[in-house]
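Heads up: the structure comes next, in C-alpha cells.
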Amino acid sequence: MTENGEDSGLGQPCEAPAKGDSIVNESRTLKTLLVDVKTCKEQNDAVKHSQITRNTEGEIIPYQPRPPSLPRLSKGSRSVSLEETVRTRRLRNSQESLSDSPDNGSSTDSLKEDQAVVLSGAATLRNEQASNVGRLPAATTDSPVFRDRGSSLSEYERRPHSQQSDPTDHRLRSTKLRLSPVQPTGPLPALERSFASATLRAANRIDRDCLDYVTLAKGKLGERLHRNLSDSRLLENMGSDSASVNSMRSTYSVLSPIRPQDVRNRSFLEGSVLGNGALLGAEELDRYFPDRRVGIYITTWNMQGEKGIPANLDDLLLPTDSEFAQDFYIIGVQEGCPDRREWEIRLQETLGPYYVMLYAAAHGVLYLTVFVRRDLIWFCSEVEHATVTTRIISQIKTKGAVGIGFTFFGTSFLFITSHFTSGDTKVYERILDYNKIVEALALPKGLPDTNPYRSTASDVTTRFDQVFWFGDFNFRLSKERCDVDTIMNQTAGGDMAPLLEHDQLSKEMKDGSIFKGFQEAQINFPPTYKFDIGCDIYDTTSKQRTPSYTDRILFRNRQADDIKVVKYTSCTSIKTSDHRPVVGVFQVKLRPGRDNIPLGAGQFDRSLYLEGIRRRITRELKRREAMKNQGSSTICTIS
C-alpha cells in the first residue's frame, strides 16, 4: 500500500483511480513544498503581529491551540518530526470524523490537516497551494476534499469576509470535536412537590399580592412552605404518567388536579368511614394548613349602650403590632349599640374584601359575630346558635349569653359571649349565671359530636373540641380604691401579679367553683374598667368604682396543648366606653374531618359584604380627594 494509502486507512474506502492519481500527485507536491519552504523568524513574527491586530480590531475569533514554530532541522530529523506530527494529528482527526457528516469525510483529511498545522501563518505557502489546486482537473477541484485543501480553521477565520461566502466552506470550518446531542434513555426525574410558594395560611398572608406579608412570613413564625398539590393519593393513582402529573403540578399552582373519575364517583353528602379522600380530610387539611393550626382573633367589648361606634375600628381588629391577619375574627359585644346592622357593616368595612361574615347572633344587646377568611368558608359546617337569659324576667335581655357552634374541618368550635350580674360583692350571683348558661345552652343541635365519649349532658362546654368564653364577667378586685391605686402606681414593666392576687375570678377558678377546665393567659395589661369617657383616667364620679378586670377571654380544649396563646392584651386607643376592649390571638390545633359533617356550602351574608366594600371604597375615594385638595397649591397675587 502506498504512503497515501496509509493515510486513507481510517476506515473509509478509497476513491476512483483517476481521483487517486490526483491525490498522490497533490500530496507529493505539498510534501516537496514542506521540505523546501523556509520558516523564517521574520515571517512568523509578521504573522503573529497580523493575528494580534485582527484580535484588537474587535473580531471574535475562537481560541485555537497551535503548535510552536518548527525548529531548523536536518533532512533526516525533519522527516521524523513530520511523521510524529502527522501521527498525532491523524489520531485527533479520526476522532473528529466520528461526528462529521458522511459527505465531509475523505481519505486525505488527516494529511490536509497536518500540512495546514505545520504551515499555518505562511502567506507564500497559501498562494502556492491555491495555484496548485487551480491547476487540478475539474473533476478533482469539484471534490469537497480539495475545495478546502491547505486551509485549517485558523486560516479560514483569517480570510477577509468577502472570501467566506462559499457555502461549502461551512462544512469544514471547525476542527473542534463536536459531539452529537445526548438523548435521555429514560423518563426525566419528577419535579419536587414543594415549589417554595408560601402557604395559604391566612395567618401568614392576607393575599398573594401583598408583598409585605410575603416578606414577613419568614419572620418570627418561621418559614412555612406550602406543600402544594400534596394529594398523594391522587398523584399515586396517576403515577403511570409521571410526565403529565409533573406538568399539571407546574400549571396548577394552588389547586390539585381532579380526575373525571373522581368527579363521577365522589359525593360529599355520603359518609366516609375512614375520612380518606373527604373534602374535610387530611389531604385537604394539609394543603391549607401544613402545621394543622388555625389563627383565631377574639375581641370582647362592653360598648356601654348608646355611646355610638368609634369612627375607626382598625385598632380594634387590625392592630399595628400584629404581623399577620388571622383566619377567624370573633367579636363579642355587651351593651351593644342600638343599630346592630350598622355595627356589622362597620366590622365588614374594617376587615375588607378578604373576609366574609359567616354568622351573627344576638340576645338583646349581646352581639356575637363570626368572620372567616373567604377562601376557607367551604370547610365550615352549618352554623348553629343558642341563647340563654339570666334575668328573672326573661323579656329583659341585658344579662345572659349567646353561643355559636360549628365545625371547621374535623374540629368543633364553640364561642360564647356573656354578661354576668354586676356589683362588687355579687360573686355568688355570677357563679349562678355561669351554671345556668352551661346547663341551658342547647348546642350542638344537628352537628355531630366529634368525640361523644367525652361529652356530658350537663355542660355544653364538654361537647366541643375547642371552646372560647369571653365577655363582661363583672368580677372585681376585692380591694379598696385607694389601695388599688397605690398598687398600680408601684407596678412596673406590666407586672400585674400584685393586682391579680385580689381578683375574684382568679380565686374562684382556683377553687373550682366556676369555669371548670378553662384557662386564661397571663394578664400583662391594666384593669379595663372603669374609665371616664374619652380619657385614660379611672372613675372620678362620686361612686369611685374600683378599677377591675371585668372583661376576660377564657378557653378550654379537649386535648392538652391544642390552644396556644399568641397575644392577650387590651385596646387602649378606643375610649368611647367606660370599658376597654380586650383582645386575644390564638393558634388552635385542627384535625381532619369526614364527609358526614353537614357543610355550610359557602353561605355568607352577601348584602353585608357588598355594603361594607362599597363603604370602604367610598372612604378611600374621599381620603384621596382630601389629600389632593390639601396638596393643591394656591396662587396669590400681590398688587
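Going through the C-alpha cells in order, the chains are called A, B, and so on, while each chain numbers its residues from 1 and the ligands are numbered from 1 in the order shown.
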
Dump as CSV the rows for residues of stretch 410-452 of chain A within 12 Å of stretch 369-374 of chain A: closest atom pair and distance in Å with one decimal, only C-alpha atoms counted, ordered by chain and rising residue number.
residue,atom,partner,partner_atom,distance
A:Phe413,CA,A:Val370,CA,11.6
A:Leu414,CA,A:Val370,CA,11.2
A:Phe415,CA,A:Val370,CA,9.2
A:Ile416,CA,A:Thr369,CA,10.6
A:Thr417,CA,A:Thr369,CA,10.0

Within 6 Å of stretch 430-434 of chain A using only C-alpha atoms, minus same-chain residues under 5 positions, as number ranges by chain: A: 390, 420-421

Quick one: DSSP helix (DSSP H, G or I) residues in stretch 368-574 of chain A, as a PyMOL selection string? chain A and resi 374-379+427-440+452-454+460-463+481-490+497-500+504-511

Select from stretch 365-531 of chain A everything DSSP, run on the backbone, classes as strand (DSSP E), then give the selection as a PyMOL selection string. chain A and resi 366-373+384-389+400-408+411-419+466-472

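Closest approach to A:Gly332 among A:Ala282, A:Leu318, A:Leu443, A:Val582: A:Val582, based on only C-alpha atoms.
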
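Between atom CA of A:Gln304 and atom CA of A:Thr576 lies a distance of 8.5 Å.
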
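Note that atom CA of A:Tyr359 and atom CA of A:Gly295 are 17.7 Å apart.
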
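Checking A:Glu344, A:Leu179, A:Thr299, A:Asp291 one by one against A:Leu608, counting only C-alpha atoms, you find the shortest gap at A:Glu344.
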
Could you give me, as an MDAnalysis selection string, the residues within 10 Å of A:Gly400, counting only C-alpha atoms and dropping anything in the same chain fewer than 6 positions from it? chainID A and resid 334 363:366 387:391 394 417:421 433:434 436:437

Just want the 6 Å neighbourhood of stretch 544-556 of chain A, counted on only C-alpha atoms, with same-chain residues fewer than 3 positions away dropped. Output as a PyMOL selection string. chain A and resi 467-477+481+518-520+527-530+539-541
